[in-house]
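Step one of this worksheet: look at the structure below.
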Amino acid sequence: MAEKIYRVNMTNLTTSTEPVPDKWLGLGGRGLTSTIVADEVEPTCHPLGGKNKLVVAPGLLSGTVAANSGRLSIGAKSPLTGTIKEANSGGTAAQMLAKLGCKALIIEGLPEGDAWYTLLISKDGVTIQEEQELVGKGNFDVVATIGKRTDEKHGIITIGPAGEMKLSAANISIKDPDSHLRSSGRGGLGAVMGSKRVKCIIIEPTDAKVEIVDQEKFTEANRAFTKALVDNPISQALGTYGTNVLVNIINEAGALPTRNFTNGQFDGHEEISGETMHDIIVEREGKPKHNCHKGCVIQCSQIYNDKEKKYKTSGFEYESIWAMGADCCVDNLDHIAEADHLMDDIGVDSIETSVAMGVAMEGGLLEFGDGEGICRILREDVAKGTPLGRIIGCGAASVGRAFGVTRVPVVKNQAIPAYDPRAVKGMGITYATSTQGADHTMGYTIATNILGVGGSIDPLSQDGQVELSRNLQIATAAIDSTGMCLFIAFAALDDEKCLPALVDMINARFGADLTADDVTNLGISILKTERAFNEAAGFTNKDDRLPEFFYEEPIAPHNVVWDIPDEELDKFWDF
Amino acid sequence: MSTNEISITVKLFAFFRENRFKQQEQTFPATITVREIIQRLGIDPEEVGVTMINSRHCTLDQTPVQGDQLAIFPVIGGG
Ligand code: SF4
């Protein structure tokens with residue numbers, strides 16, 4: 001099926017399908033969302049106003065049988081950071097959109113009045129329907145209700161009450177193969193969807209297949225690629241312990257931000273670790289291994305059950321567990337799982353919201369360690385949109401301002417995740433220079449700084465960090481365009497057969513002739529496009545800095561501060 | 001413990017804990033390397049991803065000293 005751009009205008013409630021313009025043809029995923037946002041959105045616009053656009057795009061290989069290729073990109077100007085934003089997630093939507101021939105869905109304009117809408121995407125295009133039944137519902141209820149209305153096979157992209165309230169930590173949820181949720185978490189994209197009064201997007205299943213120019217070559221390349229992923233020992237550990245295997249190693253390295261970033265180690269690390277989580281999951285008959293979309297061969301997700309052996313949460317990630325755990329000093333995995341479930345249901349980013357709780361604890365709202373208190377505030381304040389709940393639901397910086405706290409771990413207003421930049425300098429470069437505010441996934445230097453993947457660079461030294469972060473940020477921008485899960489990077493960094501196989505698949509799919517250099521150049525051009533958007537929105541190199549306290553407060557056990565000179569940071573963009 | 005012996009805290013992670021331990025004080029000859037400790041534990045050095053002494057990365061050829069904490073991780077990742 002020929003690929004099309006699906007466009008929805010919410011101002012006059014019209015839809016259209018358009019041929020893909022030549023300049024967007026070779027793009028997918030983040031490359032496409034960022035290019036469309038840069039082409040069509042005024043950089044200085046209000047993120048929640050009529051000029052912003054929400055762009056949804058499957059990756060270049062999504063919808064094919066390529067292993068781990070079912071990731072979805074959603075982009076817009078972020079209401080949290082004011083920068084360009086792409087949030088990436090699993091679930092079934094990317095593969096379904098690709099099979100329908102939807103190269104990108106662009107939602108623009110704002111409707112007048114108080115009505116809410118659902119978009120239905122099928123092979124014939126998009127239709128807009130007024131929505132009443134789902135309004136105000138949490139994400140799990142939305143998925144269950146649509147399941148009854150249609151069938152379990154439909155794809156769903158939805159916002160919870162937080163998105164409806166346009167909170168700047170609101171995320172967008174994507175239904176996974178088990179009718180649970182995956183999240184496009186960061187940067188408040190749920191608020192952009194809410195501003196357009198789109199409660200949810202329903203995708204019709206189809207038997208159509210994505211066109212592949214050279215099927216034989218594709219199959220062969222996918223075989224080599226899959227083998228590289230499956231054989232990789234990191235993939236295997238991810239399947240057993242999930243990403244939460246990191247708690248203990250990051251704690252050991254003295255880089256686990258604890259008690260709102262005042263210590264690098266957490267006494268309760270063992271209680272919230274991947275090892276403990278694995279044992280609990282097995283004991284309660286959950287699933288240690290689970291995939292966020294069909295075709296993932298790594299399976300870092302899991303199903304975590306409560307004490308009654310009933311489903312509590314899935315996709316229980318290290319960063320969320322760190323944030324609610326070490327950063328808020330909660331050493332009880334069941335409290336963290338309950339909070340994770342609540343945040344998924346309300347539709348708020350579990351990193352942003354948890355770091356906001358840590359800042360609120362420092363501000364005196366709750367005692368550190370009060371996991372039940374966090375769940376109560378999520379249920380009674382954030383979900384219901386009380387003034388306190390809205391302050392928390394707008395993120396860590398919002399809480400810092402409301403409570404007069406100065407130790408606020410954010411860059412460009414977005415919460416710094418699970419790796420202290422004082423103790424892992426490469427991550428500090430990524431947080432400072434990323435085009436999207438603090439985000440570990442933009443250039444995951446932990447691989448080389450801590451895990452010894454792709455070489456090794458001392459996490460405490462200043463040397464080589466800028467280059468490391470730059471190379472990873474370029475590679476990540478390219479991978480985020482393919483529809484591939486970022487965890488293929490571990491195999492890509494250490495197995496020389498992995499990346500060529502990926503390039504071969506792209507070539508076989510499109511009948512193209514790309515080389516590895518072309519892929520790097522794609523990454524470079526995406527970063528430059530994003531950077532240009534931010535500059536036009538008013539950002540300068542002075543925004544590429546970490547908060548003051550990192551320069552001044554040494555963190556134990558290494559007693560180090562952030563000491564990369566500003567001029568060094570500015571060299572990041574010399575490429 | 002004689003002067004040519006050292007006692008160190010060994011910490012194991014992920015599947016290295018299976019049929020072994022999480023954390024133990026152990027006594028070794030003072031000249032022992034990290035690699036030899038790993039071998040004594042019945043772990044294949046090929047399976048080792050990261051080793052740290054007192055929260056700093058170390059090589060397999062390094063020699064720990066009295067009172068050190070040695071952490072041994074398999075090849076792992078996340079993000
Ligand atoms: S490795 Fe994890 S995040 Fe990546 S595709 Fe598989 S389940 Fe999803």
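We name chains A, B, ... following the order of the structure tokens; residues begin at 1 in each chain, and ligands are numbered from 1 as shown.
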
DSSP strand (DSSP E or B) residues within chain B, as a compact mmCIF listing (two decimals) with C-alpha atoms, in the first residue's frame:
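Full text of out-v4.txt as output:
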# COMPACT_ATOMS: atom_id res chain seq x y z
CA GLU B 5 46.67 -12.58 53.70
CA ILE B 6 43.99 -10.00 53.09
CA SER B 7 40.36 -9.99 53.94
CA ILE B 8 38.02 -8.29 51.49
CA THR B 9 34.28 -8.01 50.96
CA VAL B 10 33.15 -9.72 47.78
CA LYS B 11 29.79 -8.71 46.29
CA LEU B 12 28.10 -10.65 43.50
CA GLN B 23 28.01 -10.50 49.81
CA GLN B 24 30.73 -12.20 51.85
CA GLU B 25 33.92 -11.39 53.74
CA GLN B 26 36.64 -13.60 52.29
CA THR B 27 40.31 -14.13 53.00
CA PHE B 28 42.83 -14.44 50.18
CA PRO B 29 46.60 -14.43 49.71
CA VAL B 48 32.30 -11.03 33.72
CA GLY B 49 31.21 -7.64 32.44
CA VAL B 50 32.25 -5.17 35.11
CA THR B 51 34.40 -5.29 38.22
CA MET B 52 34.76 -2.50 40.75
CA ILE B 53 36.98 -2.03 43.77
CA ARG B 56 35.74 2.40 41.00
CA HIS B 57 36.10 0.25 37.89
CA GLN B 69 35.14 -4.08 48.55
CA LEU B 70 35.16 -6.00 45.30
CA ALA B 71 31.98 -6.02 43.18
CA ILE B 72 31.63 -8.50 40.32
CA PHE B 73 28.94 -8.13 37.68
CA PRO B 74 28.11 -10.25 34.65

Using only C-alpha atoms, find which residues of chain B lie within 6 Å of chain A and jot them down as a PyMOL selection string. chain B and resi 14+55+75-79

Per-residue nearest contacts of chain A to ligand 1 (9 Å; only C-alpha atoms and all ligand atoms) as a tab-separated table:
residue	atom	partner	partner_atom_place_in_ligand_line	distance
A:Ala67	CA	ligand 1	5 (S)	8.5
A:Asn68	CA	ligand 1	5 (S)	5.0
A:Ser69	CA	ligand 1	5 (S)	7.3
A:Gly70	CA	ligand 1	5 (S)	7.0
A:Arg71	CA	ligand 1	5 (S)	7.0
A:Ser89	CA	ligand 1	3 (S)	7.5
A:Gly90	CA	ligand 1	8 (Fe)	5.5
A:Gly91	CA	ligand 1	8 (Fe)	7.9
A:Arg182	CA	ligand 1	8 (Fe)	8.8
A:Ser235	CA	ligand 1	1 (S)	7.7
A:Leu238	CA	ligand 1	1 (S)	7.4
A:Gly239	CA	ligand 1	1 (S)	7.9
A:Gly242	CA	ligand 1	2 (Fe)	7.9
A:Thr243	CA	ligand 1	2 (Fe)	8.2
A:Lys289	CA	ligand 1	7 (S)	8.3
A:His290	CA	ligand 1	7 (S)	6.2
A:Asn291	CA	ligand 1	7 (S)	3.9
A:Cys292	CA	ligand 1	8 (Fe)	4.2
A:His293	CA	ligand 1	8 (Fe)	6.2
A:Lys294	CA	ligand 1	5 (S)	8.4
A:Gly295	CA	ligand 1	5 (S)	7.9
A:Cys296	CA	ligand 1	6 (Fe)	4.6
A:Val297	CA	ligand 1	6 (Fe)	6.4
A:Ile298	CA	ligand 1	1 (S)	4.6
A:Gln299	CA	ligand 1	7 (S)	4.1
A:Cys300	CA	ligand 1	2 (Fe)	3.9
A:Ser301	CA	ligand 1	7 (S)	4.6
A:Gln302	CA	ligand 1	7 (S)	8.1
A:Gly315	CA	ligand 1	7 (S)	7.5
A:Met484	CA	ligand 1	5 (S)	7.5
A:Cys485	CA	ligand 1	4 (Fe)	4.6
A:Leu486	CA	ligand 1	4 (Fe)	6.6
A:Phe487	CA	ligand 1	4 (Fe)	5.7
A:Ile488	CA	ligand 1	4 (Fe)	7.7

Writing out the chosen residues with N, CA, C and O atoms as a tab-separated table (two decimals), in the first residue's frame:
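File written: part_23.tsv
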chain	number	residue	atom	x	y	z
A	67	ALA	N	13.12	-7.74	13.58
A	67	ALA	CA	13.09	-7.86	15.04
A	67	ALA	C	13.15	-6.48	15.69
A	67	ALA	O	13.88	-5.60	15.22
A	68	ASN	N	12.38	-6.29	16.75
A	68	ASN	CA	12.42	-5.08	17.56
A	68	ASN	C	12.12	-3.78	16.82
A	68	ASN	O	12.59	-2.72	17.21
A	69	SER	N	11.32	-3.87	15.74
A	69	SER	CA	11.13	-2.68	14.90
A	69	SER	C	9.80	-1.97	15.13
A	69	SER	O	9.42	-1.11	14.36
A	70	GLY	N	9.09	-2.32	16.21
A	70	GLY	CA	7.75	-1.77	16.36
A	70	GLY	C	7.63	-0.56	17.27
A	70	GLY	O	6.66	-0.39	17.98
A	71	ARG	N	8.61	0.31	17.20
A	71	ARG	CA	8.56	1.47	18.10
A	71	ARG	C	7.93	2.67	17.38
A	71	ARG	O	8.11	2.88	16.19
A	89	SER	N	8.02	4.97	21.99
A	89	SER	CA	7.46	3.90	22.82
A	89	SER	C	7.09	2.67	22.00
A	89	SER	O	6.99	2.72	20.77
A	90	GLY	N	6.88	1.57	22.73
A	90	GLY	CA	6.45	0.33	22.09
A	90	GLY	C	4.93	0.31	21.98
A	90	GLY	O	4.29	1.35	21.83
A	91	GLY	N	4.36	-0.88	22.10
A	91	GLY	CA	2.93	-1.03	21.90
A	91	GLY	C	2.65	-1.48	20.48
A	91	GLY	O	3.58	-1.64	19.68
A	182	ARG	N	2.02	1.02	27.24
A	182	ARG	CA	3.39	1.53	27.12
A	182	ARG	C	3.24	3.04	27.01
A	182	ARG	O	2.21	3.53	26.57
A	235	SER	N	21.34	-8.62	25.98
A	235	SER	CA	19.94	-8.91	25.66
A	235	SER	C	19.43	-9.99	26.61
A	235	SER	O	18.30	-9.92	27.10
A	238	LEU	N	18.76	-8.61	30.00
A	238	LEU	CA	17.57	-7.76	29.97
A	238	LEU	C	16.30	-8.59	30.05
A	238	LEU	O	15.32	-8.21	30.69
A	239	GLY	N	16.33	-9.75	29.40
A	239	GLY	CA	15.17	-10.64	29.44
A	239	GLY	C	14.93	-11.20	30.83
A	239	GLY	O	13.79	-11.46	31.22
A	242	GLY	N	15.17	-7.43	33.42
A	242	GLY	CA	14.64	-6.15	32.97
A	242	GLY	C	15.69	-5.06	33.11
A	242	GLY	O	16.84	-5.32	33.50
A	243	THR	N	15.31	-3.85	32.77
A	243	THR	CA	16.27	-2.75	32.88
A	243	THR	C	16.63	-2.47	34.33
A	243	THR	O	17.66	-1.87	34.63
A	289	LYS	N	9.83	-12.06	31.72
A	289	LYS	CA	10.10	-11.70	30.33
A	289	LYS	C	8.81	-11.36	29.63
A	289	LYS	O	7.83	-12.10	29.76
A	290	HIS	N	8.81	-10.31	28.84
A	290	HIS	CA	7.58	-9.91	28.19
A	290	HIS	C	7.97	-8.90	27.13
A	290	HIS	O	8.94	-8.19	27.30
A	291	ASN	N	7.22	-8.86	26.01
A	291	ASN	CA	7.61	-7.87	25.01
A	291	ASN	C	6.56	-6.77	24.85
A	291	ASN	O	5.38	-7.00	25.01
A	292	CYS	N	7.05	-5.58	24.55
A	292	CYS	CA	6.15	-4.44	24.42
A	292	CYS	C	5.52	-4.41	23.03
A	292	CYS	O	4.59	-3.67	22.80
A	293	HIS	N	6.04	-5.19	22.12
A	293	HIS	CA	5.39	-5.36	20.82
A	293	HIS	C	5.82	-6.69	20.24
A	293	HIS	O	6.86	-7.24	20.60
A	294	LYS	N	4.99	-7.21	19.33
A	294	LYS	CA	5.29	-8.48	18.70
A	294	LYS	C	6.58	-8.33	17.89
A	294	LYS	O	6.75	-7.35	17.19
A	295	GLY	N	7.45	-9.33	17.99
A	295	GLY	CA	8.67	-9.26	17.20
A	295	GLY	C	9.88	-8.82	17.99
A	295	GLY	O	10.99	-8.87	17.49
A	296	CYS	N	9.68	-8.39	19.25
A	296	CYS	CA	10.84	-8.06	20.08
A	296	CYS	C	11.47	-9.35	20.56
A	296	CYS	O	10.79	-10.21	21.12
A	297	VAL	N	12.76	-9.51	20.33
A	297	VAL	CA	13.43	-10.74	20.75
A	297	VAL	C	14.24	-10.53	22.04
A	297	VAL	O	14.88	-11.44	22.53
A	298	ILE	N	14.23	-9.32	22.57
A	298	ILE	CA	14.99	-9.05	23.80
A	298	ILE	C	14.09	-9.20	25.02
A	298	ILE	O	14.46	-9.78	26.03
A	299	GLN	N	12.91	-8.64	24.94
A	299	GLN	CA	11.88	-8.80	25.97
A	299	GLN	C	12.30	-8.29	27.34
A	299	GLN	O	12.34	-9.02	28.32
A	300	CYS	N	12.61	-7.00	27.41
A	300	CYS	CA	13.04	-6.42	28.69
A	300	CYS	C	11.86	-6.13	29.60
A	300	CYS	O	12.02	-5.84	30.77
A	301	SER	N	10.65	-6.18	29.06
A	301	SER	CA	9.48	-5.87	29.87
A	301	SER	C	9.13	-7.08	30.74
A	301	SER	O	9.74	-8.14	30.61
A	302	GLN	N	8.18	-6.90	31.63
A	302	GLN	CA	7.79	-7.98	32.53
A	302	GLN	C	6.38	-7.73	33.05
A	302	GLN	O	5.83	-6.66	32.85
A	315	GLY	N	6.22	-3.34	32.10
A	315	GLY	CA	7.14	-2.31	31.63
A	315	GLY	C	7.65	-1.52	32.82
A	315	GLY	O	7.69	-0.30	32.82
A	484	MET	N	13.42	0.97	15.47
A	484	MET	CA	14.08	0.01	16.33
A	484	MET	C	14.07	0.48	17.78
A	484	MET	O	14.21	1.66	18.07
A	485	CYS	N	13.95	-0.49	18.66
A	485	CYS	CA	14.12	-0.23	20.08
A	485	CYS	C	15.59	0.12	20.31
A	485	CYS	O	16.49	-0.50	19.74
A	486	LEU	N	15.83	1.08	21.17
A	486	LEU	CA	17.19	1.54	21.44
A	486	LEU	C	18.09	0.43	22.00
A	486	LEU	O	19.31	0.50	21.91
A	487	PHE	N	17.47	-0.59	22.57
A	487	PHE	CA	18.30	-1.65	23.17
A	487	PHE	C	19.02	-2.51	22.15
A	487	PHE	O	19.83	-3.35	22.51
A	488	ILE	N	18.76	-2.27	20.87
A	488	ILE	CA	19.58	-2.94	19.87
A	488	ILE	C	20.99	-2.35	19.89
A	488	ILE	O	21.92	-2.94	19.38

So the first atom is CA of Gly125 (chain A) and the second is CA of Lys209 (chain A); what is the distance between them in Å, to one decimal place? 16.5 Å

What is the distance, in Å and to one decimal place, between CA of Met165 (chain A) and CA of Glu112 (chain A)?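 Separation between CA of Met165 (chain A) and CA of Glu112 (chain A): 16.3 Å.
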
Within 10 Å of Glu36 (chain B), counting only C-alpha atoms, which residues qualify if same-chain residues fewer than 5 places away don't, as a PDB file with N, CA, C and O atoms, in the first residue's frame?
ATOM      1  N   PHE B  28      42.044 -13.985  51.336  1.00  0.00           N
ATOM      2  CA  PHE B  28      42.826 -14.442  50.184  1.00  0.00           C
ATOM      3  C   PHE B  28      44.303 -14.151  50.427  1.00  0.00           C
ATOM      4  O   PHE B  28      44.642 -13.303  51.260  1.00  0.00           O
ATOM      5  N   THR B  31      48.637 -11.426  47.424  1.00  0.00           N
ATOM      6  CA  THR B  31      49.034 -11.127  46.039  1.00  0.00           C
ATOM      7  C   THR B  31      47.948 -11.477  45.022  1.00  0.00           C
ATOM      8  O   THR B  31      48.165 -11.372  43.820  1.00  0.00           O
ATOM      9  N   LEU B  41      35.940 -18.434  42.607  1.00  0.00           N
ATOM     10  CA  LEU B  41      34.493 -18.468  42.845  1.00  0.00           C
ATOM     11  C   LEU B  41      33.778 -19.372  41.843  1.00  0.00           C
ATOM     12  O   LEU B  41      32.567 -19.538  41.895  1.00  0.00           O
ATOM     13  N   GLY B  42      34.551 -19.920  40.915  1.00  0.00           N
ATOM     14  CA  GLY B  42      33.942 -20.790  39.902  1.00  0.00           C
ATOM     15  C   GLY B  42      33.214 -20.011  38.829  1.00  0.00           C
ATOM     16  O   GLY B  42      32.304 -20.520  38.163  1.00  0.00           O
ATOM     17  N   ILE B  43      33.584 -18.740  38.664  1.00  0.00           N
ATOM     18  CA  ILE B  43      32.960 -17.919  37.617  1.00  0.00           C
ATOM     19  C   ILE B  43      33.917 -17.853  36.433  1.00  0.00           C
ATOM     20  O   ILE B  43      35.124 -17.674  36.606  1.00  0.00           O
ATOM     21  N   PRO B  45      35.737 -16.007  33.771  1.00  0.00           N
ATOM     22  CA  PRO B  45      36.054 -14.578  33.561  1.00  0.00           C
ATOM     23  C   PRO B  45      35.440 -14.016  32.279  1.00  0.00           C
ATOM     24  O   PRO B  45      35.157 -12.823  32.190  1.00  0.00           O
ATOM     25  N   LEU B  60      40.910  -6.890  35.585  1.00  0.00           N
ATOM     26  CA  LEU B  60      41.000  -8.230  36.178  1.00  0.00           C
ATOM     27  C   LEU B  60      42.402  -8.490  36.731  1.00  0.00           C
ATOM     28  O   LEU B  60      42.604  -9.398  37.523  1.00  0.00           O
ATOM     29  N   ASP B  61      43.368  -7.685  36.304  1.00  0.00           N
ATOM     30  CA  ASP B  61      44.736  -7.904  36.779  1.00  0.00           C
ATOM     31  C   ASP B  61      45.055  -7.134  38.055  1.00  0.00           C
ATOM     32  O   ASP B  61      46.141  -7.274  38.618  1.00  0.00           O
ATOM     33  N   THR B  63      45.195  -5.954  41.945  1.00  0.00           N
ATOM     34  CA  THR B  63      45.321  -6.695  43.198  1.00  0.00           C
ATOM     35  C   THR B  63      44.634  -5.902  44.301  1.00  0.00           C
ATOM     36  O   THR B  63      45.075  -4.805  44.632  1.00  0.00           O
TER      37      THR B  63
END

Applying 8 Å and only C-alpha atoms, which residues near region 498-513 of chain A remain after dropping the ones on its own chain fewer than 2 positions away? List them as a list in words. Leu60, Leu61, Ala66, Glu211, Ile212, Val213, Asp214, Gln215, Lys217, Phe218, Ala221, Asn222, Ala224, Phe225, Ala228, Leu229, Ala491, Ala492, Asp495, Glu496, Thr515, Ala516 and Val519 of chain A

Please produce a file of the residues just selected, as a short mmCIF file (atom, residue, chain, number, x, y, z; two decimals), in the first residue's frame, where the atoms kept are N, CA, C and O atoms.
data_model
loop_
_atom_site.label_atom_id
_atom_site.label_comp_id
_atom_site.auth_asym_id
_atom_site.auth_seq_id
_atom_site.Cartn_x
_atom_site.Cartn_y
_atom_site.Cartn_z
N LEU A 60 11.04 3.55 10.12
CA LEU A 60 11.22 3.10 8.73
C LEU A 60 10.96 1.61 8.56
O LEU A 60 10.51 1.17 7.50
N LEU A 61 11.26 0.82 9.58
CA LEU A 61 11.08 -0.63 9.45
C LEU A 61 9.86 -1.15 10.20
O LEU A 61 9.58 -2.35 10.19
N ALA A 66 11.00 -7.30 10.83
CA ALA A 66 12.32 -7.02 11.42
C ALA A 66 12.21 -7.04 12.94
O ALA A 66 11.31 -6.43 13.52
N GLU A 211 5.08 -3.01 2.16
CA GLU A 211 5.79 -3.43 0.94
C GLU A 211 7.29 -3.56 1.18
O GLU A 211 7.89 -2.70 1.81
N ILE A 212 7.85 -4.62 0.62
CA ILE A 212 9.30 -4.81 0.73
C ILE A 212 9.85 -5.04 -0.66
O ILE A 212 9.39 -5.96 -1.37
N VAL A 213 10.80 -4.21 -1.07
CA VAL A 213 11.28 -4.27 -2.45
C VAL A 213 12.03 -5.57 -2.72
O VAL A 213 11.80 -6.23 -3.71
N ASP A 214 12.94 -5.93 -1.82
CA ASP A 214 13.73 -7.15 -2.04
C ASP A 214 13.53 -8.09 -0.85
O ASP A 214 14.28 -8.04 0.13
N GLN A 215 12.51 -8.93 -0.97
CA GLN A 215 12.11 -9.77 0.16
C GLN A 215 13.23 -10.73 0.59
O GLN A 215 13.47 -10.93 1.78
N LYS A 217 16.52 -10.53 0.27
CA LYS A 217 17.60 -9.83 0.96
C LYS A 217 17.15 -9.39 2.36
O LYS A 217 17.91 -9.45 3.33
N PHE A 218 15.90 -8.99 2.43
CA PHE A 218 15.36 -8.55 3.71
C PHE A 218 15.36 -9.70 4.73
O PHE A 218 15.81 -9.55 5.87
N ALA A 221 18.89 -10.49 5.86
CA ALA A 221 19.44 -9.47 6.77
C ALA A 221 18.77 -9.56 8.13
O ALA A 221 19.42 -9.43 9.18
N ASN A 222 17.48 -9.80 8.14
CA ASN A 222 16.77 -9.90 9.41
C ASN A 222 17.26 -11.09 10.22
O ASN A 222 17.35 -11.04 11.44
N ALA A 224 20.32 -12.32 10.21
CA ALA A 224 21.61 -11.94 10.81
C ALA A 224 21.41 -10.96 11.96
O ALA A 224 22.05 -11.06 13.02
N PHE A 225 20.51 -10.03 11.75
CA PHE A 225 20.24 -9.00 12.77
C PHE A 225 19.67 -9.65 14.04
O PHE A 225 20.13 -9.40 15.15
N ALA A 228 22.29 -11.46 15.98
CA ALA A 228 23.15 -10.56 16.75
C ALA A 228 22.46 -10.12 18.05
O ALA A 228 23.09 -10.05 19.11
N LEU A 229 21.17 -9.87 17.97
CA LEU A 229 20.44 -9.45 19.17
C LEU A 229 20.34 -10.59 20.18
O LEU A 229 20.61 -10.43 21.37
N ALA A 491 23.97 -4.52 21.16
CA ALA A 491 24.52 -5.44 20.16
C ALA A 491 25.25 -4.64 19.08
O ALA A 491 26.33 -5.02 18.63
N ALA A 492 24.67 -3.50 18.69
CA ALA A 492 25.27 -2.71 17.60
C ALA A 492 26.66 -2.20 17.99
O ALA A 492 27.54 -2.11 17.15
N ASP A 495 28.88 -5.87 18.37
CA ASP A 495 28.86 -6.98 17.41
C ASP A 495 28.88 -6.37 16.00
O ASP A 495 27.93 -5.71 15.58
N GLU A 496 29.97 -6.60 15.29
CA GLU A 496 30.15 -5.90 14.01
C GLU A 496 29.16 -6.34 12.93
O GLU A 496 29.04 -5.69 11.89
N THR A 515 24.64 3.47 2.95
CA THR A 515 25.80 2.90 3.63
C THR A 515 25.70 3.30 5.10
O THR A 515 24.85 4.10 5.48
N ALA A 516 26.61 2.74 5.90
CA ALA A 516 26.61 3.09 7.33
C ALA A 516 26.82 4.59 7.51
O ALA A 516 26.24 5.21 8.41
N VAL A 519 23.70 6.54 7.31
CA VAL A 519 22.90 6.44 8.53
C VAL A 519 23.44 7.43 9.57
O VAL A 519 22.67 8.14 10.23
#
